[in-house]
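To be precise, the following lines are my_file_29.cif, and they hold mmCIF, N, CA and C atoms.
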```cif
data_start
loop_
_atom_site.label_atom_id
_atom_site.label_comp_id
_atom_site.auth_asym_id
_atom_site.auth_seq_id
_atom_site.Cartn_x
_atom_site.Cartn_y
_atom_site.Cartn_z
N MET A 22 -41.24 155.24 123.01
CA MET A 22 -41.42 154.76 124.36
C MET A 22 -40.93 155.75 125.40
N ALA A 23 -40.06 156.65 124.99
CA ALA A 23 -39.52 157.60 125.95
C ALA A 23 -40.59 158.55 126.48
N SER A 24 -41.65 158.76 125.72
CA SER A 24 -42.69 159.67 126.17
C SER A 24 -43.54 159.07 127.30
N GLU A 25 -43.47 157.75 127.51
CA GLU A 25 -44.23 157.10 128.57
C GLU A 25 -43.61 157.30 129.94
N LEU A 26 -42.35 157.72 129.99
CA LEU A 26 -41.68 157.91 131.26
C LEU A 26 -42.13 159.22 131.91
N PRO A 27 -42.18 159.23 133.24
CA PRO A 27 -42.49 160.50 133.92
C PRO A 27 -41.41 161.54 133.63
N PRO A 28 -41.77 162.80 133.61
CA PRO A 28 -40.79 163.85 133.27
C PRO A 28 -39.58 163.88 134.20
N LEU A 29 -39.79 163.62 135.48
CA LEU A 29 -38.66 163.64 136.42
C LEU A 29 -37.68 162.51 136.13
N LEU A 30 -38.20 161.32 135.82
CA LEU A 30 -37.34 160.19 135.47
C LEU A 30 -36.62 160.45 134.16
N GLN A 31 -37.30 161.02 133.20
CA GLN A 31 -36.68 161.35 131.92
C GLN A 31 -35.54 162.34 132.12
N ALA A 32 -35.75 163.34 132.96
CA ALA A 32 -34.69 164.32 133.24
C ALA A 32 -33.53 163.68 133.97
N ALA A 33 -33.81 162.78 134.90
CA ALA A 33 -32.74 162.10 135.64
C ALA A 33 -31.92 161.20 134.72
N LEU A 34 -32.59 160.51 133.81
CA LEU A 34 -31.87 159.65 132.86
C LEU A 34 -30.98 160.47 131.94
N THR A 35 -31.50 161.57 131.45
CA THR A 35 -30.71 162.44 130.58
C THR A 35 -29.52 163.02 131.34
N ALA A 36 -29.75 163.45 132.57
CA ALA A 36 -28.65 163.99 133.37
C ALA A 36 -27.60 162.91 133.66
N GLY A 37 -28.04 161.70 133.92
CA GLY A 37 -27.10 160.60 134.16
C GLY A 37 -26.26 160.28 132.95
N ILE A 38 -26.87 160.28 131.78
CA ILE A 38 -26.12 160.02 130.55
C ILE A 38 -25.11 161.13 130.29
N LEU A 39 -25.53 162.38 130.47
CA LEU A 39 -24.61 163.50 130.25
C LEU A 39 -23.47 163.50 131.27
N LEU A 40 -23.77 163.17 132.51
CA LEU A 40 -22.74 163.12 133.55
C LEU A 40 -21.74 162.00 133.26
N SER A 41 -22.24 160.85 132.86
CA SER A 41 -21.34 159.74 132.53
C SER A 41 -20.47 160.07 131.33
N ALA A 42 -21.03 160.75 130.35
CA ALA A 42 -20.24 161.16 129.18
C ALA A 42 -19.16 162.17 129.58
N GLY A 43 -19.50 163.09 130.47
CA GLY A 43 -18.50 164.06 130.93
C GLY A 43 -17.36 163.41 131.71
N VAL A 44 -17.70 162.47 132.58
CA VAL A 44 -16.66 161.76 133.34
C VAL A 44 -15.79 160.93 132.40
N THR A 45 -16.38 160.41 131.34
CA THR A 45 -15.61 159.65 130.36
C THR A 45 -14.58 160.54 129.67
N LEU A 46 -14.95 161.78 129.39
CA LEU A 46 -13.99 162.71 128.79
C LEU A 46 -12.83 163.00 129.75
N PHE A 47 -13.14 163.20 131.02
CA PHE A 47 -12.07 163.43 131.99
C PHE A 47 -11.17 162.20 132.13
N ALA A 48 -11.75 161.02 132.10
CA ALA A 48 -10.96 159.79 132.20
C ALA A 48 -10.09 159.61 130.97
N SER A 49 -10.58 160.02 129.81
CA SER A 49 -9.76 159.89 128.60
C SER A 49 -8.53 160.80 128.67
N TYR A 50 -8.67 161.94 129.33
CA TYR A 50 -7.50 162.79 129.56
C TYR A 50 -6.46 162.07 130.40
N ARG A 51 -6.92 161.34 131.44
CA ARG A 51 -5.99 160.59 132.30
C ARG A 51 -5.33 159.46 131.53
N VAL A 52 -6.06 158.85 130.61
CA VAL A 52 -5.48 157.77 129.80
C VAL A 52 -4.39 158.33 128.88
N ILE A 53 -4.63 159.49 128.32
CA ILE A 53 -3.67 160.07 127.38
C ILE A 53 -2.45 160.63 128.11
N ARG A 54 -2.65 161.35 129.20
CA ARG A 54 -1.56 162.04 129.88
C ARG A 54 -0.81 161.20 130.90
N GLY A 55 -1.40 160.15 131.39
CA GLY A 55 -0.72 159.30 132.35
C GLY A 55 -0.70 159.86 133.75
N PRO A 56 0.39 160.02 134.38
CA PRO A 56 1.77 159.84 133.95
C PRO A 56 2.29 158.40 134.08
N THR A 57 1.62 157.55 134.85
CA THR A 57 2.10 156.19 135.02
C THR A 57 1.13 155.20 134.39
N THR A 58 1.60 153.98 134.20
CA THR A 58 0.75 152.94 133.62
C THR A 58 -0.47 152.62 134.49
N PRO A 59 -0.32 152.50 135.82
CA PRO A 59 -1.54 152.27 136.62
C PRO A 59 -2.59 153.39 136.47
N ASP A 60 -2.14 154.64 136.31
CA ASP A 60 -3.10 155.72 136.07
C ASP A 60 -3.87 155.49 134.78
N ARG A 61 -3.18 155.04 133.76
CA ARG A 61 -3.84 154.78 132.49
C ARG A 61 -4.81 153.61 132.59
N VAL A 62 -4.43 152.58 133.35
CA VAL A 62 -5.31 151.42 133.52
C VAL A 62 -6.58 151.82 134.27
N VAL A 63 -6.44 152.62 135.31
CA VAL A 63 -7.61 153.08 136.06
C VAL A 63 -8.49 153.95 135.16
N GLY A 64 -7.88 154.79 134.33
CA GLY A 64 -8.65 155.61 133.40
C GLY A 64 -9.44 154.77 132.40
N LEU A 65 -8.81 153.72 131.87
CA LEU A 65 -9.51 152.83 130.94
C LEU A 65 -10.63 152.07 131.63
N ASP A 66 -10.40 151.66 132.85
CA ASP A 66 -11.45 150.96 133.60
C ASP A 66 -12.63 151.90 133.88
N THR A 67 -12.33 153.14 134.18
CA THR A 67 -13.39 154.13 134.40
C THR A 67 -14.19 154.36 133.12
N ILE A 68 -13.51 154.44 131.99
CA ILE A 68 -14.21 154.60 130.72
C ILE A 68 -15.11 153.41 130.46
N GLY A 69 -14.61 152.19 130.70
CA GLY A 69 -15.43 151.00 130.50
C GLY A 69 -16.66 150.99 131.39
N THR A 70 -16.49 151.38 132.64
CA THR A 70 -17.62 151.43 133.56
C THR A 70 -18.65 152.47 133.13
N ASN A 71 -18.19 153.61 132.65
CA ASN A 71 -19.11 154.65 132.20
C ASN A 71 -19.85 154.25 130.93
N VAL A 72 -19.19 153.53 130.04
CA VAL A 72 -19.87 153.05 128.84
C VAL A 72 -20.98 152.07 129.23
N VAL A 73 -20.71 151.20 130.21
CA VAL A 73 -21.74 150.28 130.69
C VAL A 73 -22.90 151.07 131.30
N ALA A 74 -22.59 152.08 132.08
CA ALA A 74 -23.64 152.90 132.69
C ALA A 74 -24.48 153.62 131.63
N ILE A 75 -23.83 154.14 130.61
CA ILE A 75 -24.56 154.82 129.54
C ILE A 75 -25.46 153.84 128.82
N ALA A 76 -24.99 152.62 128.56
CA ALA A 76 -25.81 151.62 127.87
C ALA A 76 -27.04 151.25 128.70
N VAL A 77 -26.87 151.09 130.01
CA VAL A 77 -28.01 150.73 130.87
C VAL A 77 -29.00 151.90 130.96
N LEU A 78 -28.50 153.11 131.12
CA LEU A 78 -29.39 154.27 131.17
C LEU A 78 -30.15 154.44 129.86
N PHE A 79 -29.48 154.19 128.75
CA PHE A 79 -30.14 154.29 127.45
C PHE A 79 -31.19 153.20 127.29
N ALA A 80 -30.90 152.01 127.84
CA ALA A 80 -31.89 150.92 127.79
C ALA A 80 -33.13 151.29 128.58
N ILE A 81 -32.95 151.91 129.73
CA ILE A 81 -34.10 152.34 130.53
C ILE A 81 -34.87 153.43 129.79
N GLU A 82 -34.14 154.35 129.19
CA GLU A 82 -34.79 155.48 128.52
C GLU A 82 -35.60 155.04 127.30
N THR A 83 -35.05 154.10 126.53
CA THR A 83 -35.74 153.69 125.30
C THR A 83 -36.65 152.49 125.51
N GLY A 84 -36.47 151.76 126.61
CA GLY A 84 -37.28 150.57 126.85
C GLY A 84 -36.82 149.36 126.07
N ARG A 85 -35.61 149.36 125.57
CA ARG A 85 -35.07 148.24 124.81
C ARG A 85 -34.09 147.45 125.68
N GLY A 86 -34.43 146.21 125.93
CA GLY A 86 -33.61 145.37 126.79
C GLY A 86 -32.32 144.91 126.15
N LEU A 87 -32.20 145.06 124.84
CA LEU A 87 -30.98 144.63 124.15
C LEU A 87 -29.75 145.37 124.68
N PHE A 88 -29.93 146.62 125.05
CA PHE A 88 -28.79 147.40 125.54
C PHE A 88 -28.30 146.91 126.91
N VAL A 89 -29.16 146.27 127.67
CA VAL A 89 -28.72 145.68 128.94
C VAL A 89 -27.80 144.50 128.66
N ASP A 90 -28.14 143.70 127.64
CA ASP A 90 -27.26 142.60 127.25
C ASP A 90 -25.90 143.12 126.78
N VAL A 91 -25.94 144.17 126.00
CA VAL A 91 -24.69 144.79 125.54
C VAL A 91 -23.88 145.29 126.72
N ALA A 92 -24.53 145.88 127.70
CA ALA A 92 -23.84 146.39 128.88
C ALA A 92 -23.19 145.26 129.67
N LEU A 93 -23.90 144.13 129.79
CA LEU A 93 -23.32 143.00 130.52
C LEU A 93 -22.08 142.45 129.82
N VAL A 94 -22.14 142.34 128.50
CA VAL A 94 -20.98 141.85 127.75
C VAL A 94 -19.82 142.82 127.89
N LEU A 95 -20.09 144.12 127.80
CA LEU A 95 -19.02 145.11 127.97
C LEU A 95 -18.43 145.07 129.37
N ALA A 96 -19.25 144.84 130.38
CA ALA A 96 -18.74 144.76 131.75
C ALA A 96 -17.83 143.55 131.92
N ILE A 97 -18.22 142.42 131.35
CA ILE A 97 -17.38 141.22 131.45
C ILE A 97 -16.06 141.42 130.73
N ILE A 98 -16.10 141.98 129.53
CA ILE A 98 -14.87 142.23 128.77
C ILE A 98 -13.98 143.22 129.51
N GLY A 99 -14.57 144.26 130.07
CA GLY A 99 -13.79 145.24 130.82
C GLY A 99 -13.13 144.64 132.06
N PHE A 100 -13.87 143.78 132.76
CA PHE A 100 -13.31 143.13 133.95
C PHE A 100 -12.13 142.23 133.59
N ILE A 101 -12.29 141.43 132.56
CA ILE A 101 -11.22 140.51 132.16
C ILE A 101 -10.01 141.29 131.66
N SER A 102 -10.23 142.34 130.89
CA SER A 102 -9.09 143.11 130.39
C SER A 102 -8.37 143.85 131.51
N THR A 103 -9.09 144.33 132.51
CA THR A 103 -8.44 145.00 133.64
C THR A 103 -7.58 144.02 134.43
N ILE A 104 -8.08 142.82 134.63
CA ILE A 104 -7.28 141.81 135.33
C ILE A 104 -6.04 141.44 134.51
N ALA A 105 -6.19 141.31 133.20
CA ALA A 105 -5.05 140.95 132.35
C ALA A 105 -3.98 142.05 132.40
N VAL A 106 -4.39 143.29 132.31
CA VAL A 106 -3.41 144.39 132.35
C VAL A 106 -2.76 144.48 133.72
N ALA A 107 -3.54 144.28 134.78
CA ALA A 107 -2.96 144.33 136.13
C ALA A 107 -1.94 143.22 136.33
N ARG A 108 -2.24 142.03 135.83
CA ARG A 108 -1.25 140.94 135.94
C ARG A 108 -0.01 141.24 135.13
N TYR A 109 -0.19 141.84 133.96
CA TYR A 109 0.97 142.18 133.13
C TYR A 109 1.83 143.24 133.80
N VAL A 110 1.21 144.23 134.41
CA VAL A 110 1.96 145.30 135.05
C VAL A 110 2.70 144.78 136.29
N THR A 111 2.06 143.91 137.07
CA THR A 111 2.69 143.45 138.31
C THR A 111 3.68 142.32 138.09
N GLU A 112 3.36 141.38 137.19
CA GLU A 112 4.20 140.20 137.02
C GLU A 112 4.98 140.18 135.72
N GLY A 113 4.62 141.00 134.76
CA GLY A 113 5.32 141.02 133.48
C GLY A 113 4.83 139.95 132.51
N ASP A 114 3.86 139.15 132.93
CA ASP A 114 3.33 138.08 132.08
C ASP A 114 1.87 137.88 132.43
N ILE A 115 1.04 137.61 131.43
CA ILE A 115 -0.37 137.39 131.67
C ILE A 115 -0.66 135.94 132.01
N ILE A 116 -0.08 135.04 131.24
CA ILE A 116 -0.30 133.61 131.45
C ILE A 116 0.99 133.00 131.97
N GLU A 117 0.89 132.27 133.06
CA GLU A 117 2.08 131.67 133.66
C GLU A 117 2.47 130.41 132.94
#
```

Rendering of file as structure tokens:
Amino acid sequence: MASELPPLLQAALTAGILLSAGVTLFASYRVIRGPTTPDRVVGLDTIGTNVVAIAVLFAIETGRGLFVDVALVLAIIGFISTIAVARYVTEGDIIE
């Protein structure tokens, strides 16, 4: 199905996937090196967002809608986990 896409769109999708993968590598450096816990949380949230973007771009490139569903589930899980970590960092407890 990828051959049905116009060449410019195909190039843009490939560039978007490569750019998202590169930003994910930079964010993983921030997760590993820190220096503070909020820096690590922001790095993990960035990685989650980029994984969602890669899944959606791949869904467009291949024409398979299943990857959009996967992206939505990953976005929901990432949002909930970011809120849980933020509550833990600020209040010391997730559930009151």

Write out as a count of residues only the residues lying within 8 Å of region 59-71 of chain A, counting only C-alpha atoms and excluding same-chain residues fewer than 3 positions away. 20

CA of Ser102 (chain A) and CA of Ala36 (chain A), how far apart in Å? 28.8 Å

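Counting only N, CA and C atoms, Val91 (chain A) has the following residues at most 8 Å away, ignoring those fewer than 5 positions along the same chain: A:Val72, A:Val73, A:Ala76, A:Val77, A:Gly86, A:Ala96, A:Ile97.
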
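Coordinates place atom N of Ala33 (chain A) at a distance of 10.7 Å from atom C of Ile81 (chain A).
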
Hey, what comes out of the PyMOL selection byres (((chain A and resi 82 and name CA) around 8) and name CA) on this file? Could you write it as a VMD selection string? chain A and resid 22 to 23 26 31 34 78 to 81 83 to 84

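Distance-wise, CA of Val89 (chain A) and CA of Ile38 (chain A) end up 14.7 Å apart.
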
Extract the full set of alpha helix (DSSP H) residues from chain A according to DSSP on the backbone, and format it as a ChimeraX atom specification. /A:28-54,58-83,87-112
